[in-house]
>>> print(open('start.txt').read())   # compact mmCIF, C-alpha atoms
# COMPACT_ATOMS: atom_id res chain seq x y z
CA MET A 656 94.72 123.30 100.88
CA THR A 657 98.03 124.67 99.57
CA THR A 658 100.24 122.48 97.40
CA VAL A 659 103.94 123.21 97.42
CA THR A 660 105.84 122.07 94.34
CA THR A 661 109.61 121.74 94.60
CA VAL A 662 111.48 122.29 91.35
CA THR A 663 114.90 120.66 91.21
CA PRO A 664 117.30 122.52 88.90
CA LEU A 665 118.77 120.43 86.11
CA PRO A 666 122.51 119.78 86.34
CA ARG A 667 124.60 121.93 84.04
CA PRO A 668 126.47 120.11 81.27
CA TRP A 669 130.23 119.85 81.74
CA TRP A 670 131.01 121.78 78.56
CA LEU A 671 128.95 124.76 79.75
CA ALA A 672 130.85 124.85 83.06
CA LEU A 673 134.11 124.63 81.09
CA LEU A 674 133.18 127.59 78.87
CA ARG A 675 131.99 129.75 81.75
CA ALA A 676 134.92 128.98 84.08
CA PRO A 677 137.35 131.75 82.89
CA LEU A 678 134.84 134.52 83.65
CA ALA A 679 133.12 132.89 86.64
CA ARG A 680 133.11 134.77 89.93
CA GLN A 681 134.64 131.84 91.79
CA SER A 682 137.52 131.67 89.31
CA MET A 683 138.20 135.38 89.73
CA ARG A 684 138.24 135.06 93.51
CA GLU A 685 140.58 132.08 93.39
CA LEU A 686 142.94 133.82 90.97
CA THR A 687 142.92 136.89 93.22
CA TYR A 688 143.73 134.68 96.20
CA VAL A 689 146.73 133.17 94.40
CA ALA A 690 147.95 136.57 93.17
CA THR A 691 147.71 138.29 96.55
CA GLY A 692 149.15 135.32 98.39
CA LEU A 693 152.74 135.70 97.17
CA PRO A 694 153.50 139.19 98.60
CA LEU A 695 151.82 138.32 101.89
CA ALA A 696 153.70 135.02 102.01
CA CYS A 697 157.01 136.88 101.47
CA ILE A 698 156.24 139.26 104.32
CA ALA A 699 155.16 136.44 106.63
CA PHE A 700 158.20 134.28 105.76
CA CYS A 701 160.69 137.09 106.33
CA TYR A 702 159.04 138.00 109.63
CA ALA A 703 158.76 134.41 110.90
CA PHE A 704 162.25 133.38 109.80
CA GLY A 705 163.78 136.54 111.21
CA ALA A 706 162.00 136.18 114.55
CA LEU A 707 162.92 132.50 114.79
CA ALA A 708 166.57 133.00 113.85
CA PHE A 709 167.04 136.13 115.98
CA GLY A 710 165.26 134.60 118.97
CA ALA A 711 167.20 131.32 118.71
CA ALA A 712 170.48 133.22 118.48
CA LEU A 713 169.60 135.19 121.61
CA LEU A 714 168.50 132.18 123.68
CA ILE A 715 171.83 132.23 125.46
CA THR A 716 170.61 135.47 127.00
CA PHE A 717 167.31 136.35 128.60
CA VAL A 718 166.26 138.40 125.57
CA GLY A 719 165.74 135.35 123.35
CA LEU A 720 162.50 134.20 124.98
CA PRO A 721 160.68 137.56 124.64
CA VAL A 722 161.81 137.80 121.01
CA LEU A 723 160.48 134.32 120.25
CA ALA A 724 157.22 135.10 122.04
CA ALA A 725 156.79 138.36 120.11
CA GLY A 726 157.48 136.49 116.87
CA LEU A 727 154.83 133.90 117.69
CA ALA A 728 152.33 136.61 118.57
CA GLY A 729 153.00 138.30 115.22
CA CYS A 730 152.52 134.98 113.41
CA ARG A 731 149.15 134.59 115.10
CA ALA A 732 148.17 138.07 113.85
CA LEU A 733 149.26 137.16 110.32
CA GLY A 734 147.27 133.93 110.65
CA HIS A 735 144.17 135.97 111.46
CA LEU A 736 144.73 137.92 108.25
CA GLU A 737 145.13 134.69 106.25
CA ARG A 738 141.91 133.26 107.69
CA ALA A 739 140.07 136.45 106.73
CA ARG A 740 141.53 136.28 103.22
CA ALA A 741 140.53 132.64 102.81
CA ARG A 742 137.07 133.39 104.18
CA GLY A 743 136.51 136.30 101.82
CA LEU A 744 138.00 134.86 98.61
CA LEU A 745 137.68 131.09 98.99
CA GLU A 746 134.57 131.05 101.20
CA LEU A 747 136.51 128.81 103.59
CA ASP A 748 135.06 129.18 107.08
CA VAL A 749 137.91 128.36 109.47
CA ARG A 750 137.11 128.90 113.12
CA GLU A 751 139.38 130.96 115.31
CA PRO A 752 141.85 128.77 117.24
CA GLU A 753 141.89 128.66 120.99
CA PRO A 754 143.31 131.84 122.56
CA VAL A 755 146.52 132.07 124.54
CA ARG A 756 145.76 131.02 128.09
CA THR A 757 148.06 131.76 130.95
CA LEU A 758 148.38 129.51 133.97
CA ARG A 759 146.05 130.13 136.87
CA ARG A 760 147.29 132.26 139.76
CA SER A 761 149.86 133.88 137.48
CA SER A 762 149.83 137.08 135.49
CA GLY A 763 152.22 139.55 133.98
CA VAL A 764 154.61 139.56 131.04
CA MET A 765 156.44 136.36 131.96
CA SER A 766 153.20 134.44 132.22
CA TRP A 767 152.15 135.70 128.77
CA ILE A 768 155.54 134.75 127.28
CA GLY A 769 155.32 131.26 128.77
CA ALA A 770 151.78 130.78 127.48
CA LEU A 771 152.82 131.77 123.95
CA LEU A 772 155.80 129.42 123.96
CA ARG A 773 153.67 126.53 125.28
CA SER A 774 150.88 127.09 122.76
CA GLY A 775 150.89 124.59 119.92
CA VAL A 776 148.65 126.94 117.94
CA SER A 777 151.37 129.60 117.92
CA TRP A 778 153.99 127.20 116.58
CA ARG A 779 151.58 125.96 113.91
CA HIS A 780 151.12 129.58 112.77
CA LEU A 781 154.91 129.91 112.57
CA LEU A 782 155.12 126.70 110.53
CA TYR A 783 152.46 128.00 108.15
CA ALA A 784 154.41 131.21 107.58
CA LEU A 785 157.51 129.17 106.66
CA LEU A 786 155.73 126.65 104.42
CA HIS A 787 153.40 129.01 102.63
CA LEU A 788 156.09 130.95 100.74
CA PRO A 789 157.45 128.09 98.55
CA TRP A 790 153.95 126.85 97.81
CA SER A 791 152.67 130.36 97.07
CA PHE A 792 155.64 130.95 94.76
CA PHE A 793 154.89 127.71 92.89
CA SER A 794 151.17 128.54 92.68
CA CYS A 795 151.80 132.03 91.31
CA LEU A 796 154.35 130.71 88.83
CA ALA A 797 152.06 127.94 87.56
CA ALA A 798 148.94 130.12 87.40
CA GLY A 799 150.79 133.07 85.83
CA ALA A 800 152.53 130.93 83.22
CA SER A 801 149.29 129.19 82.29
CA LEU A 802 147.37 132.46 82.15
CA CYS A 803 149.98 134.27 80.02
CA ALA A 804 150.51 131.33 77.70
CA GLY A 805 146.79 130.81 77.22
CA TRP A 806 145.88 134.40 76.42
CA GLY A 807 149.07 134.90 74.42
CA LEU A 808 148.32 131.95 72.15
CA LEU A 809 144.64 132.83 71.93
CA THR A 810 145.42 136.36 70.73
CA TYR A 811 148.31 135.23 68.53
CA PRO A 812 146.49 136.02 65.25
CA ALA A 813 146.11 139.64 66.43
CA TRP A 814 149.78 140.31 67.17
CA GLU A 815 151.86 137.83 65.15
CA TRP A 816 152.43 140.50 62.45
CA LEU A 817 154.40 142.67 64.91
CA PHE A 818 157.61 140.63 64.82
CA PRO A 819 157.99 140.32 61.04
CA ARG A 820 157.09 143.97 60.45
CA TYR A 821 159.09 145.71 63.18
CA ALA A 822 161.79 143.21 64.17
CA ASP A 823 162.26 141.35 60.89
CA ARG A 824 161.78 138.07 62.75
CA PRO A 825 159.03 135.45 62.63
CA ALA A 826 156.73 135.37 65.67
CA LEU A 827 156.51 131.63 66.38
CA GLN A 828 158.56 128.87 64.84
CA VAL A 829 158.28 125.11 65.28
CA GLY A 830 161.29 122.92 64.66
CA THR A 831 163.77 120.58 66.25
CA ASP A 832 164.36 123.14 69.03
CA GLY A 833 160.68 123.18 69.91
CA ILE A 834 158.62 126.36 69.79
CA VAL A 835 160.71 129.52 69.52
CA LEU A 836 159.31 133.06 69.92
CA GLY A 837 160.81 136.07 68.24
CA SER A 838 164.25 134.64 67.40
CA ARG A 839 166.06 134.64 64.10
CA ARG A 840 164.72 132.34 61.47
CA LEU A 841 166.10 128.92 62.39
CA ALA A 842 167.16 126.26 59.98
CA HIS A 843 164.69 123.42 59.56
CA ALA A 844 162.03 125.47 61.40
CA ARG A 845 158.60 126.44 60.17
CA ALA A 846 157.08 129.81 60.93
CA LEU A 847 153.47 129.74 62.16
CA ASP A 848 152.03 132.44 59.97
CA GLY A 849 149.53 130.67 57.71
CA PRO A 850 145.77 130.62 58.26
CA VAL A 851 145.78 126.99 59.40
CA GLU A 852 148.70 127.55 61.74
CA LEU A 853 147.05 130.64 63.20
CA ALA A 854 143.82 128.73 63.84
CA VAL A 855 145.67 125.83 65.48
CA VAL A 856 147.66 128.16 67.74
CA ALA A 857 144.54 130.11 68.73
CA GLY A 858 142.69 126.86 69.42
CA CYS A 859 145.50 125.66 71.68
CA GLY A 860 145.40 129.01 73.46
CA LEU A 861 141.64 128.74 73.95
CA LEU A 862 142.08 125.29 75.45
CA VAL A 863 144.72 126.56 77.89
CA VAL A 864 142.52 129.54 78.84
CA LEU A 865 139.59 127.22 79.55
CA LEU A 866 141.72 124.85 81.63
CA THR A 867 143.56 127.55 83.63
CA PRO A 868 140.69 128.13 86.14
CA TRP A 869 140.62 124.42 86.93
CA LEU A 870 144.39 124.43 87.43
CA VAL A 871 144.04 127.38 89.83
CA ARG A 872 141.17 125.61 91.59
CA GLY A 873 143.37 122.58 92.15
CA LEU A 874 146.17 124.78 93.50
CA VAL A 875 143.94 126.54 96.03
CA GLN A 876 142.78 123.18 97.39
CA VAL A 877 146.27 122.81 98.87
CA ASP A 878 145.92 126.29 100.37
CA LYS A 879 142.63 125.25 101.94
CA VAL A 880 144.34 122.25 103.53
CA LEU A 881 147.18 124.42 104.85
CA VAL A 882 144.86 127.08 106.26
CA GLY A 883 142.44 124.60 107.81
CA GLY A 884 145.16 122.34 109.21
CA LEU A 885 147.65 124.90 110.53
CA LEU A 886 145.64 128.06 111.19
CA GLY A 887 142.44 126.55 112.57
CA PRO A 888 141.75 125.06 115.99
CA SER A 889 143.49 121.83 116.83
CA TRP A 890 141.61 118.54 116.77
CA LEU A 891 141.76 118.35 120.54
CA ALA A 892 140.30 121.85 120.97
CA ALA A 893 137.55 121.12 118.45
CA ARG A 894 136.79 117.88 120.28
CA VAL A 895 136.59 119.69 123.63
CA THR A 896 134.17 122.23 122.15
CA GLU A 897 132.06 119.43 120.70
CA LEU A 898 131.97 117.60 124.04
CA GLU A 899 131.01 120.79 125.86
CA THR A 900 128.12 121.23 123.45
CA ASP A 901 127.09 117.59 123.86
CA ARG A 902 127.23 117.94 127.64
CA GLY A 903 124.84 120.88 127.42
CA VAL A 904 122.48 118.82 125.27
CA VAL A 905 122.58 115.95 127.77
CA VAL A 906 121.88 118.29 130.69
CA ASP A 907 118.97 119.95 128.86
CA THR A 908 117.54 116.56 127.85
CA ALA A 909 117.76 115.21 131.39
CA ALA A 910 116.07 118.34 132.76
CA ALA A 911 113.29 118.04 130.16
CA ASP A 912 112.78 114.36 131.04
CA LEU A 913 112.54 115.19 134.74
CA ARG A 914 109.97 117.90 134.03
CA ARG A 915 107.97 115.47 131.88
CA ILE A 916 108.00 112.80 134.60
CA GLU A 917 106.98 115.35 137.22
CA ARG A 918 104.15 116.62 135.01
CA ASP A 919 102.91 113.09 134.26
CA LEU A 920 102.95 112.18 137.94
CA HIS A 921 101.20 115.36 138.99
CA ASP A 922 98.52 115.33 136.31
CA GLY A 923 97.98 111.57 136.15
CA ALA A 924 98.78 109.10 138.88
CA GLN A 925 98.95 111.65 141.70
CA ALA A 926 95.52 113.09 140.87
CA ARG A 927 94.03 109.61 140.73
CA LEU A 928 95.59 108.65 144.06
CA VAL A 929 94.14 111.81 145.66
CA SER A 930 90.72 110.90 144.26
CA LEU A 931 91.20 107.35 145.56
CA ALA A 932 91.99 108.62 149.07
CA MET A 933 88.92 110.85 149.06
CA GLY A 934 86.72 107.97 147.83
CA LEU A 935 87.99 105.59 150.52
CA GLY A 936 87.34 108.27 153.13
CA MET A 937 83.74 108.62 151.95
CA ALA A 938 83.33 104.83 151.95
CA LYS A 939 84.60 104.69 155.53
CA GLU A 940 82.00 107.23 156.63
CA LYS A 941 79.14 105.43 154.83
CA LEU A 942 80.16 101.94 155.92
CA GLY A 943 77.98 101.95 159.04
CA GLU A 944 75.00 103.97 157.74
CA ASP A 945 74.80 102.96 154.07
CA PRO A 946 76.73 99.73 153.32
CA ARG A 947 75.39 99.57 149.76
CA GLY A 948 76.52 103.13 148.99
CA ALA A 949 79.89 102.37 150.59
CA ALA A 950 80.30 99.35 148.30
CA THR A 951 79.61 101.54 145.28
CA VAL A 952 82.27 104.02 146.39
CA VAL A 953 84.76 101.17 146.96
CA GLU A 954 84.04 99.86 143.45
CA GLU A 955 84.78 103.30 141.99
CA ALA A 956 87.97 103.46 144.06
CA HIS A 957 88.96 100.07 142.69
CA GLN A 958 88.62 101.37 139.12
CA GLU A 959 90.73 104.41 140.04
CA VAL A 960 93.43 102.08 141.39
CA LYS A 961 93.48 100.18 138.09
CA LEU A 962 93.80 103.38 136.10
CA ALA A 963 96.53 104.71 138.40
CA LEU A 964 98.46 101.45 138.08
CA GLY A 965 98.16 101.63 134.29
CA GLU A 966 99.48 105.18 134.22
CA LEU A 967 102.34 104.29 136.55
CA ARG A 968 103.16 101.32 134.32
CA ASP A 969 103.23 103.54 131.23
CA LEU A 970 105.34 106.08 133.08
CA ALA A 971 107.82 103.39 134.16
CA ARG A 972 107.94 102.08 130.61
CA GLY A 973 108.77 105.61 129.42
CA ILE A 974 111.65 105.85 131.91
CA HIS A 975 113.15 102.42 131.23
CA PRO A 976 110.98 99.40 130.38
CA ALA A 977 111.58 96.22 132.33
CA ILE A 978 111.38 94.11 129.18
CA LEU A 979 114.39 95.98 127.76
CA THR A 980 116.47 95.20 130.83
CA ASP A 981 115.35 91.58 131.03
CA ARG A 982 115.19 90.48 127.39
CA GLY A 983 116.97 93.04 125.23
CA LEU A 984 116.20 95.16 122.18
CA GLY A 985 114.38 92.55 120.09
CA PRO A 986 111.49 91.77 122.44
CA ALA A 987 111.33 95.37 123.69
CA LEU A 988 110.98 96.78 120.17
CA SER A 989 108.47 94.09 119.26
CA ALA A 990 106.35 95.28 122.18
CA VAL A 991 106.64 98.89 120.98
CA ALA A 992 105.72 97.86 117.43
CA ALA A 993 102.64 96.03 118.70
CA ARG A 994 101.31 99.29 120.18
CA CYS A 995 101.87 101.23 116.92
CA THR A 996 98.79 102.02 114.85
CA VAL A 997 100.65 100.93 111.68
CA PRO A 998 101.78 97.32 111.05
CA VAL A 999 105.51 97.20 111.79
CA ALA A 1000 108.01 94.48 110.87
CA VAL A 1001 110.92 94.30 113.34
CA THR A 1002 114.27 92.72 112.43
CA VAL A 1003 117.03 92.69 115.04
CA GLU A 1004 120.34 91.03 114.10
CA LEU A 1005 122.74 91.51 117.00
CA PRO A 1006 125.35 88.92 118.05
CA GLN A 1007 125.24 90.28 121.59
CA ARG A 1008 123.71 93.10 123.55
CA PRO A 1009 125.32 96.55 123.35
CA ALA A 1010 126.06 98.73 126.36
CA ALA A 1011 123.01 99.40 128.51
CA ALA A 1012 123.07 103.15 127.84
CA ILE A 1013 123.34 102.66 124.07
CA GLU A 1014 120.60 100.04 124.20
CA GLY A 1015 118.31 102.47 125.99
CA ILE A 1016 119.02 105.26 123.50
CA ALA A 1017 118.30 102.93 120.57
CA TYR A 1018 115.03 101.82 122.19
CA PHE A 1019 113.76 105.35 122.77
CA THR A 1020 114.90 106.43 119.29
CA VAL A 1021 112.84 103.71 117.64
CA SER A 1022 109.93 104.38 120.01
CA GLU A 1023 109.85 108.08 119.12
CA LEU A 1024 110.16 107.38 115.39
CA LEU A 1025 107.25 104.92 115.54
CA GLN A 1026 105.17 107.51 117.39
CA ASN A 1027 105.89 109.98 114.58
CA ILE A 1028 104.78 107.38 112.05
CA SER A 1029 101.54 106.80 113.94
CA LYS A 1030 100.76 110.52 114.24
CA HIS A 1031 102.04 112.16 111.08
CA SER A 1032 103.02 109.77 108.29
CA GLY A 1033 99.72 108.33 107.06
CA ALA A 1034 101.65 105.15 106.25
CA ARG A 1035 100.20 101.69 105.67
CA HIS A 1036 103.32 99.76 106.63
CA ALA A 1037 106.59 100.36 108.46
CA SER A 1038 109.72 98.40 109.27
CA VAL A 1039 112.48 98.51 111.88
CA GLU A 1040 115.92 97.01 111.24
CA ILE A 1041 118.80 96.94 113.73
CA TRP A 1042 122.24 95.49 113.10
CA ARG A 1043 125.88 95.88 114.09
CA SER A 1044 128.61 97.13 111.76
CA GLY A 1045 132.07 97.07 113.30
CA GLU A 1046 131.94 99.15 116.46
CA ARG A 1047 128.72 100.92 115.51
CA LEU A 1048 125.07 100.08 116.14
CA LEU A 1049 122.87 100.93 113.17
CA LEU A 1050 119.09 101.17 113.09
CA GLN A 1051 116.77 102.12 110.28
CA VAL A 1052 113.05 102.90 110.45
CA THR A 1053 111.18 103.11 107.14
CA ASP A 1054 107.57 103.75 106.19
CA ASP A 1055 105.54 104.21 103.02
CA GLY A 1056 103.83 107.40 104.18
CA ARG A 1057 103.54 110.84 102.65
CA GLY A 1058 107.14 111.85 103.39
CA GLY A 1059 108.34 115.40 103.99
CA ALA A 1060 110.08 114.66 107.31
CA SER A 1061 112.94 117.00 108.14
CA VAL A 1062 115.52 117.63 110.86
CA ALA A 1063 114.94 121.36 110.62
CA ALA A 1064 115.20 123.35 113.84
CA GLY A 1065 112.12 123.04 116.01
CA SER A 1066 111.06 119.61 114.80
CA GLY A 1067 111.02 116.46 116.90
CA LEU A 1068 113.68 114.91 114.68
CA ALA A 1069 116.01 117.84 115.44
CA GLY A 1070 115.78 117.10 119.16
CA LEU A 1071 116.36 113.42 118.46
CA ALA A 1072 119.45 114.26 116.39
CA ASP A 1073 120.79 116.36 119.28
CA ARG A 1074 120.32 113.46 121.68
CA LEU A 1075 122.18 111.09 119.40
CA SER A 1076 125.02 113.55 118.82
CA ALA A 1077 125.55 113.72 122.59
CA VAL A 1078 126.91 110.15 122.43
CA ASP A 1079 128.73 110.57 119.06
CA GLY A 1080 125.71 109.31 117.17
CA LEU A 1081 124.27 110.39 113.83
CA LEU A 1082 120.75 110.75 112.46
CA MET A 1083 120.15 110.76 108.69
CA VAL A 1084 116.72 111.39 107.19
CA HIS A 1085 115.70 110.67 103.60
CA SER A 1086 112.09 111.71 103.15
CA PRO A 1087 111.14 113.12 99.75
CA ALA A 1088 107.69 114.56 99.25
CA GLY A 1089 105.30 111.70 98.61
CA GLY A 1090 107.49 109.21 100.46
CA PRO A 1091 108.83 106.80 101.32
CA THR A 1092 110.70 107.87 104.45
CA ALA A 1093 113.86 106.25 105.74
CA VAL A 1094 115.44 107.39 109.00
CA THR A 1095 118.84 105.90 109.79
CA ALA A 1096 120.54 106.29 113.16
CA GLU A 1097 124.10 105.36 114.01
CA LEU A 1098 125.33 104.85 117.57
CA PRO A 1099 128.62 103.70 119.09
CA TRP A 1100 128.54 100.08 120.25
CA ARG A 1101 130.27 100.95 123.51
>>> encode(input="start.txt", output="structure tokens")
Amino acid sequence: MTTVTTVTPLPRPWWLALLRAPLARQSMRELTYVATGLPLACIAFCYAFGALAFGAALLITFVGLPVLAAGLAGCRALGHLERARARGLLELDVREPEPVRTLRRSSGVMSWIGALLRSGVSWRHLLYALLHLPWSFFSCLAAGASLCAGWGLLTYPAWEWLFPRYADRPALQVGTDGIVLGSRRLAHARALDGPVELAVVAGCGLLVVLLTPWLVRGLVQVDKVLVGGLLGPSWLAARVTELETDRGVVVDTAAADLRRIERDLHDGAQARLVSLAMGLGMAKEKLGEDPRGAATVVEEAHQEVKLALGELRDLARGIHPAILTDRGLGPALSAVAARCTVPVAVTVELPQRPAAAIEGIAYFTVSELLQNISKHSGARHASVEIWRSGERLLLQVTDDGRGGASVAAGSGLAGLADRLSAVDGLLMVHSPAGGPTAVTAELPWR
């Protein structure tokens, strides 16, 4: 027997993260992103503004539309570059937006121009090119000023002797005019050239150096919002993709259920009915010659009928139990819990019954989870709770078993999560090694 021990790394103290931030790889990538963003933003702004202004000015002629379309196409190309830059430096995975789609039964240059002008994605790329320049300029200015000030103050003890020796001026002075660098000696100002002053200035510089990566990190969060909101796929396109995926899951699930029903009928009830027909045929032949033997065959056929009816009843319950239709989730789940090998406490608090489809999904979700508890958990007790929260139906199945359940690919819980996602549902599993296990499912009420 192999024992797997999971070691959870201890969280790093905040002061260690603060000290390591200036030389951390993430900080270097973010600073590189801010530094390279300004020249690219200038190029993109000049291109987008020029294309927009030139195309708008030429709209009185036919040339304006192709110019605008070419400008939008160029903005989409620049957006592809920005997504690649964000992916490489910020590790921001932004999906490609939907491509330009021309109308059906039309092709050629005019169709392509019309598709570009109708595309909301193209105009969002243009908007990004116009908005990114002022923000990139502010980010570079803030990050550069903080970086220069921090390292300048930190290294002040190493270079403060330059100004008095070669320019006959004090390096830093503090007075009523604030902090002055390299000017003439001001009245009522104090030069920072003593050991204490040098230590204070260097300490302030160290603090600014340590805080600069966090300032840059805050600045790039705005860039992430701009890239994800303007250069990624629209909400509608993402929703269509999600629904297409969910439709595929529903189709695959329905096909799997049909195959399971066909297999159960072929291997169970159908085989028993064939045996029953053969037995009744034998009884018919023996009825005149051997009545006692015929009675024995009829008795065996009667037992086969009982078994076939039981299998058909179980099969019908697996498709959609009558008790669920007639009495609702509470009695139906109580019946499922009674068949579980582990004692199960069922609590259903619903003011009314949800939609029939949602009710069926909740029933089969709980049924499958209880089967997993019976087969794999080794639990002594389990509980099922169902309640309504707003427009969502929530259910939670817990047990005190050995734990270790996961929604990893290939597991039964992964298939269950796919089924729930097909109706905008969620499945959350909390099952540490050694237990307990809590599986929470969330479904729409309607």
>>> closest_atom_pairs(input="start.txt", of="region 771-820 of chain A", to="region 856-869 of chain A", cutoff="6 Å", atoms="all atoms listed in the file", output="Markdown table")
| residue | atom | partner | partner_atom | distance |
| --- | --- | --- | --- | --- |
| A:Gly805 | CA | A:Gly860 | CA | 4.4 |
| A:Leu808 | CA | A:Gly860 | CA | 4.3 |
| A:Leu809 | CA | A:Gly860 | CA | 4.2 |
>>> closest_residue(input="start.txt", among="A:Leu782, A:Ala706, A:Val1003, A:Ala724", to="Val755 (chain A)", atoms="all atoms listed in the file")
A:Ala724
>>> residues_around(input="start.txt", residues="Trp778 (chain A)", least_positions_apart="3", cutoff="10 Å", atoms="only C-alpha atoms", output="number ranges by chain")
A: 726-728, 730-731, 771-775, 781-784, 885-886
>>> closest_atom_pairs(input="start.txt", of="region 692-790 of chain A", to="region 872-881 of chain A", cutoff="12 Å", atoms="all atoms listed in the file", output="tab-separated table")
residue	atom	partner	partner_atom	distance
A:Gly692	CA	A:Asp878	CA	9.8
A:Ala696	CA	A:Asp878	CA	11.8
A:Gly734	CA	A:Leu881	CA	11.1
A:Glu737	CA	A:Asp878	CA	10.3
A:Arg738	CA	A:Lys879	CA	9.9
A:Arg740	CA	A:Lys879	CA	11.2
A:Ala741	CA	A:Lys879	CA	7.7
A:Arg742	CA	A:Lys879	CA	10.1
A:Leu744	CA	A:Val875	CA	10.5
A:Leu745	CA	A:Lys879	CA	8.2
A:Glu746	CA	A:Lys879	CA	10.0
A:Leu747	CA	A:Lys879	CA	7.3
A:Asp748	CA	A:Lys879	CA	10.0
A:Val749	CA	A:Lys879	CA	9.4
A:Arg779	CA	A:Leu881	CA	10.2
A:His780	CA	A:Leu881	CA	10.2
A:Leu782	CA	A:Leu881	CA	10.0
A:Tyr783	CA	A:Leu881	CA	7.2
A:Ala784	CA	A:Leu881	CA	10.3
A:Leu785	CA	A:Leu881	CA	11.5
A:Leu786	CA	A:Leu881	CA	8.8
A:His787	CA	A:Leu881	CA	8.0
A:Leu788	CA	A:Asp878	CA	11.2
A:Pro789	CA	A:Asp878	CA	11.8
A:Trp790	CA	A:Asp878	CA	8.4
>>> residues_around(input="start.txt", residues="Gly985 (chain A)", least_positions_apart="4", cutoff="10 Å", atoms="all atoms listed in the file", output="PDB file with C-alpha atoms, keeping the file's coordinate frame")
ATOM      1  CA  ILE A 978     111.380  94.110 129.180  1.00  0.00           C
ATOM      2  CA  LEU A 979     114.390  95.980 127.760  1.00  0.00           C
ATOM      3  CA  SER A 989     108.470  94.090 119.260  1.00  0.00           C
ATOM      4  CA  ALA A 990     106.350  95.280 122.180  1.00  0.00           C
ATOM      5  CA  VAL A1001     110.920  94.300 113.340  1.00  0.00           C
ATOM      6  CA  THR A1002     114.270  92.720 112.430  1.00  0.00           C
ATOM      7  CA  VAL A1003     117.030  92.690 115.040  1.00  0.00           C
ATOM      8  CA  GLU A1004     120.340  91.030 114.100  1.00  0.00           C
ATOM      9  CA  LEU A1005     122.740  91.510 117.000  1.00  0.00           C
ATOM     10  CA  ARG A1008     123.710  93.100 123.550  1.00  0.00           C
ATOM     11  CA  TYR A1018     115.030 101.820 122.190  1.00  0.00           C
ATOM     12  CA  ILE A1041     118.800  96.940 113.730  1.00  0.00           C
TER      13      ILE A1041
END
>>> closest_residue(input="start.txt", among="A:Pro752, A:Ala1069, A:Pro850, A:Val689", to="Phe792 (chain A)", atoms="only C-alpha atoms")
A:Val689
>>> closest_residue(input="start.txt", among="A:Leu1068, A:Leu1098, A:Cys803, A:Leu1048", to="Val1084 (chain A)", atoms="all atoms listed in the file")
A:Leu1068
>>> atom_distance(input="start.txt", atom1="CA of Ala1034 (chain A)", atom2="CA of Leu1071 (chain A)")
20.8 Å
>>> atom_distance(input="start.txt", atom1="CA of Trp767 (chain A)", atom2="CA of Ala725 (chain A)")
10.2 Å
>>> atom_distance(input="start.txt", atom1="CA of Arg1035 (chain A)", atom2="CA of Phe1019 (chain A)")
22.1 Å
>>> closest_residue(input="start.txt", among="A:Cys995, A:Ile768, A:Leu714, A:Leu673", to="Gln1026 (chain A)", atoms="only C-alpha atoms")
A:Cys995
>>> residues_around(input="start.txt", residues="Thr1020 (chain A)", least_positions_apart="3", cutoff="10 Å", atoms="only C-alpha atoms", output="count of residues only")
17
>>> closest_residue(input="start.txt", among="A:Leu686, A:Ile1013, A:Asp1055, A:Pro998", to="Asp1079 (chain A)", atoms="all atoms listed in the file")
A:Ile1013
>>> residues_around(input="start.txt", residues="Ile698 (chain A)", least_positions_apart="3", cutoff="10 Å", atoms="all atoms listed in the file", output="list of chain:residue names")
A:Leu693, A:Pro694, A:Leu695, A:Cys701, A:Tyr702, A:Ala703, A:Leu733, A:Ala784, A:Leu788
>>> closest_residue(input="start.txt", among="A:Pro677, A:Gly1045, A:Gly807, A:Gly710", to="Val871 (chain A)", atoms="all atoms listed in the file")
A:Pro677
